[in-house]
$ cat run_1.cif   # mmCIF, C-alpha atoms and all ligand atoms
data_model
loop_
_atom_site.group_PDB
_atom_site.id
_atom_site.type_symbol
_atom_site.label_atom_id
_atom_site.label_comp_id
_atom_site.auth_asym_id
_atom_site.auth_seq_id
_atom_site.Cartn_x
_atom_site.Cartn_y
_atom_site.Cartn_z
ATOM 1 C CA MET X 179 3.930 12.880 -10.523
ATOM 2 C CA THR X 180 1.992 9.905 -11.786
ATOM 3 C CA VAL X 181 0.217 7.101 -10.018
ATOM 4 C CA ARG X 182 1.468 4.090 -11.956
ATOM 5 C CA ARG X 183 -0.394 0.885 -12.629
ATOM 6 C CA VAL X 184 0.682 -1.823 -10.155
ATOM 7 C CA THR X 185 1.779 -5.045 -11.843
ATOM 8 C CA LYS X 186 -0.058 -8.170 -10.697
ATOM 9 C CA HIS X 187 0.687 -11.794 -9.830
ATOM 10 C CA GLY X 188 1.489 -13.726 -13.002
ATOM 11 C CA GLU X 189 3.307 -10.877 -14.766
ATOM 12 C CA ARG X 190 6.850 -11.728 -15.764
ATOM 13 C CA VAL X 191 8.525 -8.657 -14.239
ATOM 14 C CA LEU X 192 7.448 -9.848 -10.770
ATOM 15 C CA LYS X 193 9.227 -13.167 -11.286
ATOM 16 C CA THR X 194 12.481 -11.665 -12.499
ATOM 17 C CA LEU X 195 15.625 -11.162 -10.420
ATOM 18 C CA CYS X 196 16.292 -7.416 -10.504
ATOM 19 C CA PRO X 197 19.828 -6.323 -11.382
ATOM 20 C CA PRO X 198 21.612 -3.879 -9.028
ATOM 21 C CA VAL X 199 21.071 -0.182 -9.559
ATOM 22 C CA ASP X 200 23.975 1.870 -10.914
ATOM 23 C CA TYR X 201 23.314 4.856 -8.641
ATOM 24 C CA GLU X 202 25.090 7.473 -10.755
ATOM 25 C CA ALA X 203 23.299 6.305 -13.899
ATOM 26 C CA LEU X 204 19.878 6.364 -12.238
ATOM 27 C CA LYS X 205 20.451 9.595 -10.288
ATOM 28 C CA PRO X 206 18.981 12.028 -12.861
ATOM 29 C CA ASP X 207 15.743 10.030 -13.058
ATOM 30 C CA LEU X 208 15.555 9.074 -9.392
ATOM 31 C CA PRO X 209 13.607 12.071 -7.947
ATOM 32 C CA ALA X 210 10.775 11.743 -10.467
ATOM 33 C CA LEU X 211 10.753 7.956 -10.192
ATOM 34 C CA LEU X 212 10.543 8.084 -6.384
ATOM 35 C CA LYS X 213 7.719 10.636 -6.530
ATOM 36 C CA ASP X 214 5.765 8.212 -8.706
ATOM 37 C CA MET X 215 6.542 5.303 -6.368
ATOM 38 C CA TRP X 216 5.396 7.216 -3.255
ATOM 39 C CA ALA X 217 2.249 8.365 -5.042
ATOM 40 C CA THR X 218 1.484 4.862 -6.309
ATOM 41 C CA MET X 219 2.061 3.344 -2.854
ATOM 42 C CA ALA X 220 -0.111 5.935 -1.125
ATOM 43 C CA SER X 221 -2.880 5.637 -3.695
ATOM 44 C CA ALA X 222 -3.002 1.861 -3.176
ATOM 45 C CA ARG X 223 -2.714 2.302 0.631
ATOM 46 C CA GLY X 224 0.390 0.153 0.794
ATOM 47 C CA VAL X 225 3.265 0.265 3.274
ATOM 48 C CA GLY X 226 5.868 -0.631 0.678
ATOM 49 C CA LEU X 227 6.413 -0.767 -3.064
ATOM 50 C CA ALA X 228 9.204 -2.335 -5.106
ATOM 51 C CA ALA X 229 10.266 -1.160 -8.585
ATOM 52 C CA PRO X 230 9.039 -4.351 -10.360
ATOM 53 C CA GLN X 231 5.564 -3.481 -9.075
ATOM 54 C CA ILE X 232 5.578 -0.537 -11.457
ATOM 55 C CA GLY X 233 7.163 -2.646 -14.178
ATOM 56 C CA LEU X 234 10.820 -1.738 -13.615
ATOM 57 C CA SER X 235 13.428 -4.411 -13.035
ATOM 58 C CA LEU X 236 15.620 -2.430 -10.617
ATOM 59 C CA ARG X 237 16.866 -3.162 -7.083
ATOM 60 C CA LEU X 238 14.879 -0.260 -5.672
ATOM 61 C CA ALA X 239 12.018 -0.161 -3.167
ATOM 62 C CA VAL X 240 10.271 2.290 -0.863
ATOM 63 C CA ILE X 241 8.796 1.582 2.568
ATOM 64 C CA ASP X 242 6.713 3.652 4.959
ATOM 65 C CA VAL X 243 5.143 1.589 7.727
ATOM 66 C CA ARG X 244 4.203 4.778 9.640
ATOM 67 C CA PRO X 245 5.377 3.858 13.121
ATOM 68 C CA GLU X 246 3.122 5.638 15.639
ATOM 69 C CA GLY X 247 1.172 7.077 12.719
ATOM 70 C CA LYS X 248 4.073 9.271 11.629
ATOM 71 C CA SER X 249 5.615 8.973 8.203
ATOM 72 C CA LEU X 250 9.072 7.366 8.071
ATOM 73 C CA ARG X 251 9.964 7.192 4.403
ATOM 74 C CA LEU X 252 12.734 4.764 3.592
ATOM 75 C CA VAL X 253 14.307 4.505 0.148
ATOM 76 C CA LEU X 254 16.117 1.204 -0.395
ATOM 77 C CA ILE X 255 18.597 1.026 -3.259
ATOM 78 C CA ASN X 256 20.470 -2.274 -3.630
ATOM 79 C CA PRO X 257 19.284 -3.410 -0.181
ATOM 80 C CA GLU X 258 20.731 -6.443 1.593
ATOM 81 C CA ILE X 259 19.649 -8.221 4.743
ATOM 82 C CA ILE X 260 22.806 -8.488 6.845
ATOM 83 C CA ALA X 261 21.302 -10.066 9.977
ATOM 84 C CA ARG X 262 18.056 -11.751 10.951
ATOM 85 C CA GLU X 263 16.734 -12.952 14.262
ATOM 86 C CA GLY X 264 13.644 -14.553 15.805
ATOM 87 C CA GLU X 265 10.339 -15.395 14.156
ATOM 88 C CA GLN X 266 6.958 -13.757 13.638
ATOM 89 C CA ASN X 267 3.907 -15.218 11.951
ATOM 90 C CA GLU X 268 1.437 -12.539 10.866
ATOM 91 C CA GLU X 269 -0.957 -12.009 7.990
ATOM 92 C CA GLU X 270 0.792 -10.706 4.906
ATOM 93 C CA GLY X 271 -0.582 -9.129 1.746
ATOM 94 C CA CYS X 272 0.773 -7.473 -1.382
ATOM 95 C CA LEU X 273 -0.444 -4.757 -3.752
ATOM 96 C CA SER X 274 0.392 -7.146 -6.603
ATOM 97 C CA VAL X 275 -1.936 -9.794 -5.166
ATOM 98 C CA PRO X 276 -4.885 -7.588 -4.189
ATOM 99 C CA GLY X 277 -7.410 -8.894 -1.685
ATOM 100 C CA ILE X 278 -5.354 -11.965 -0.751
ATOM 101 C CA TYR X 279 -3.888 -12.287 2.755
ATOM 102 C CA ALA X 280 -2.203 -15.221 4.446
ATOM 103 C CA PRO X 281 -0.123 -15.777 7.560
ATOM 104 C CA LEU X 282 3.523 -16.212 6.699
ATOM 105 C CA PRO X 283 6.481 -16.884 8.996
ATOM 106 C CA ARG X 284 9.206 -14.250 8.763
ATOM 107 C CA ALA X 285 12.176 -13.211 10.864
ATOM 108 C CA ALA X 286 11.099 -10.967 13.748
ATOM 109 C CA ARG X 287 14.066 -8.600 13.407
ATOM 110 C CA VAL X 288 16.243 -7.910 10.406
ATOM 111 C CA ARG X 289 19.099 -5.516 9.829
ATOM 112 C CA VAL X 290 19.229 -3.989 6.354
ATOM 113 C CA ARG X 291 22.013 -2.192 4.551
ATOM 114 C CA ALA X 292 21.121 -0.103 1.499
ATOM 115 C CA LEU X 293 21.816 3.135 -0.301
ATOM 116 C CA GLY X 294 19.400 5.987 0.296
ATOM 117 C CA GLU X 295 17.931 8.523 -2.094
ATOM 118 C CA ASP X 296 21.134 10.611 -1.816
ATOM 119 C CA GLY X 297 23.331 7.604 -2.645
ATOM 120 C CA ALA X 298 24.699 7.376 0.900
ATOM 121 C CA PRO X 299 24.730 3.970 2.601
ATOM 122 C CA TRP X 300 22.490 3.447 5.648
ATOM 123 C CA GLU X 301 21.791 0.559 8.006
ATOM 124 C CA LEU X 302 18.707 0.007 10.110
ATOM 125 C CA THR X 303 17.326 -2.781 12.263
ATOM 126 C CA GLY X 304 13.583 -3.210 11.878
ATOM 127 C CA GLU X 305 11.218 -5.319 13.916
ATOM 128 C CA GLY X 306 7.577 -6.270 13.617
ATOM 129 C CA LEU X 307 5.908 -4.731 10.574
ATOM 130 C CA LEU X 308 9.082 -2.971 9.440
ATOM 131 C CA ALA X 309 11.024 -6.256 9.547
ATOM 132 C CA ARG X 310 8.249 -7.883 7.527
ATOM 133 C CA ALA X 311 8.256 -5.028 5.007
ATOM 134 C CA PHE X 312 12.040 -5.284 4.601
ATOM 135 C CA GLN X 313 11.798 -9.009 3.866
ATOM 136 C CA HIS X 314 8.740 -8.630 1.617
ATOM 137 C CA GLU X 315 10.184 -5.829 -0.524
ATOM 138 C CA ILE X 316 13.612 -7.436 -0.867
ATOM 139 C CA ASP X 317 11.830 -10.635 -1.951
ATOM 140 C CA HIS X 318 10.218 -8.588 -4.752
ATOM 141 C CA LEU X 319 13.704 -7.622 -5.953
ATOM 142 C CA ASP X 320 14.570 -11.324 -6.058
ATOM 143 C CA GLY X 321 11.480 -12.091 -8.152
ATOM 144 C CA LYS X 322 9.510 -13.618 -5.271
ATOM 145 C CA LEU X 323 5.994 -12.895 -4.048
ATOM 146 C CA PHE X 324 4.788 -13.752 -0.539
ATOM 147 C CA VAL X 325 2.506 -16.442 -1.947
ATOM 148 C CA ASP X 326 5.583 -18.235 -3.331
ATOM 149 C CA ARG X 327 6.777 -18.692 0.257
ATOM 150 C CA LEU X 328 3.617 -20.283 1.652
ATOM 151 C CA PRO X 329 3.683 -23.921 2.733
ATOM 152 C CA PHE X 330 2.587 -26.194 -0.132
ATOM 153 C CA GLU X 331 -1.014 -26.976 0.909
ATOM 154 C CA HIS X 332 -1.745 -23.435 1.925
ATOM 155 C CA LYS X 333 -0.242 -22.201 -1.323
ATOM 156 C CA LEU X 334 -2.641 -24.357 -3.374
ATOM 157 C CA LYS X 335 -5.629 -22.786 -1.590
ATOM 158 C CA VAL X 336 -4.255 -19.296 -2.069
ATOM 159 C CA LEU X 337 -3.555 -19.953 -5.771
ATOM 160 C CA ASP X 338 -7.221 -20.990 -6.157
ATOM 161 C CA ALA X 339 -8.310 -17.761 -4.494
ATOM 162 C CA ILE X 340 -6.001 -15.812 -6.829
ATOM 163 C CA LYS X 341 -7.514 -17.514 -9.867
ATOM 164 C CA ASP X 342 -10.999 -16.434 -8.715
ATOM 165 C CA ALA X 343 -9.868 -12.892 -7.917
ATOM 166 C CA LYS X 344 -7.816 -12.263 -11.076
ATOM 167 C CA PRO X 345 -10.682 -11.254 -13.394
ATOM 168 C CA ARG X 346 -11.449 -8.373 -10.999
ATOM 169 C CA TRP X 347 -7.876 -7.006 -11.038
ATOM 170 C CA SER X 348 -6.893 -4.073 -13.242
HETATM 171 NI NI NI H 401 4.362 -6.850 -2.354
#
$ encode --input "run_1.cif" --output "structure tokens"
Amino acid sequence: MTVRRVTKHGERVLKTLCPPVDYEALKPDLPALLKDMWATMASARGVGLAAPQIGLSLRLAVIDVRPEGKSLRLVLINPEIIAREGEQNEEEGCLSVPGIYAPLPRAARVRVRALGEDGAPWELTGEGLLARAFQHEIDHLDGKLFVDRLPFEHKLKVLDAIKDAKPRWS
């Protein structure tokens, strides 16, 4: 198990649309890869991590928003949002944009369909933080960061803050 380096804003892999995972082809490497992703997420104190954040262009992400403090580990392979409802507007951040937070409107509830670690399909409706995590991580798989979604003027301010912060990133 290895804590991987987290890729940062500006790196190409974060801007690239990830191709779907061929489950059977990935299966032999999946347990070790997921161990690294969980370890990397925990080490950075994140609630989600997408494969491009460890440099891999794959439609794969992990989420654990710890509802009621208990771990609920979700593995999302080839996830799709199949329904969305309502709106929430909370502060959002990203391990690939460390130290930068901004309020961002998102759907309040989303239903996701994906394959799990065992290759079996699952569906789950998330609300609140889980809904936000679903949207945020699936954005990563589409080559989008939360800062890309900010309204224009707010985005300019955040991009300035990123420019100042970048020299301190590893
Ligand atoms: Ni992120």
$ closest_atom_pairs --input "run_1.cif" --of "chain X" --to "ligand NI 401 (chain H)" --cutoff "7 Å" --atoms "only C-alpha atoms and all ligand atoms" --output "Markdown table"
| residue | atom | partner | partner_atom | distance |
| --- | --- | --- | --- | --- |
| X:Leu227 | CA | H:NI401 | NI | 6.5 |
| X:Gly271 | CA | H:NI401 | NI | 6.8 |
| X:Cys272 | CA | H:NI401 | NI | 3.8 |
| X:Leu273 | CA | H:NI401 | NI | 5.4 |
| X:Ser274 | CA | H:NI401 | NI | 5.8 |
| X:His314 | CA | H:NI401 | NI | 6.2 |
| X:Glu315 | CA | H:NI401 | NI | 6.2 |
| X:His318 | CA | H:NI401 | NI | 6.6 |
| X:Leu323 | CA | H:NI401 | NI | 6.5 |
$ resolve_selection --input "run_1.cif" --expression "the PyMOL selection byres (((chain X and resi 253-260) around 8) and not hetatm)" --output "VMD selection string"
chain X and resid 198 to 199 237 to 241 251 to 252 261 to 262 288 to 295 313 316
$ resolve_selection --input "run_1.cif" --expression "the PyMOL selection byres (((chain X and resi 244) around 12) and not hetatm)" --output "list in words"
Ala220, Arg223, Gly224, Val225, Gly226, Ile241, Asp242, Val243, Pro245, Glu246, Gly247, Lys248, Ser249, Leu250, Arg251, Leu252, Leu307, Leu308 and Ala311 of chain X
$ closest_residue --input "run_1.cif" --among "X:Leu211, X:Pro206, X:Gly277, X:Arg183" --to "X:Gln231" --atoms "all atoms listed in the file"
X:Arg183
$ atom_distance --input "run_1.cif" --atom1 "atom CA of X:Asp200" --atom2 "atom CA of X:Asp214"
19.4 Å
$ residues_around --input "run_1.cif" --residues "X:Glu305" --least-positions-apart "5" --cutoff "8 Å" --atoms "all atoms listed in the file" --output "compact mmCIF listing (two decimals) with C-alpha atoms, keeping the file's coordinate frame"
# COMPACT_ATOMS: atom_id res chain seq x y z
CA ALA X 286 11.10 -10.97 13.75
CA ARG X 287 14.07 -8.60 13.41
CA VAL X 288 16.24 -7.91 10.41
CA ARG X 310 8.25 -7.88 7.53
$ residues_around --input "run_1.cif" --residues "X:Pro283" --least-positions-apart "2" --cutoff "12 Å" --atoms "all atoms listed in the file" --output "VMD selection string"
chain X and resid 264 to 270 280 to 281 285 to 286 306 309 to 310 313 to 314 324 to 325 327 to 329
$ residues_near_point --input "run_1.cif" --point "(-7.9, -12.9, -8.1)" --cutoff "10 Å" --atoms "only C-alpha atoms" --output "list in words"
Lys186, His187, Val275, Pro276, Gly277, Ile278, Val336, Leu337, Asp338, Ala339, Ile340, Lys341, Asp342, Ala343, Lys344, Pro345, Arg346 and Trp347 of chain X
$ closest_residue --input "run_1.cif" --among "X:Ala217, X:Ala210, X:Leu319, X:Ala222" --to "X:Val191" --atoms "only C-alpha atoms"
X:Leu319
$ closest_residue --input "run_1.cif" --among "X:Leu236, X:Arg182, X:Met219, X:Leu192" --to "X:Leu204" --atoms "only C-alpha atoms"
X:Leu236
$ closest_residue --input "run_1.cif" --among "X:Thr180, X:Glu331, X:Thr194, X:Gly297" --to "X:Trp216" --atoms "all atoms listed in the file"
X:Thr180
$ atom_distance --input "run_1.cif" --atom1 "atom CA of X:Phe312" --atom2 "atom CA of X:Lys333"
21.7 Å
$ atom_distance --input "run_1.cif" --atom1 "atom CA of X:Glu202" --atom2 "atom CA of X:Trp300"
17.1 Å
$ closest_residue --input "run_1.cif" --among "X:Asp296, X:Asp317, X:Leu334, X:Lys322" --to "X:Tyr201" --atoms "all atoms listed in the file"
X:Asp296
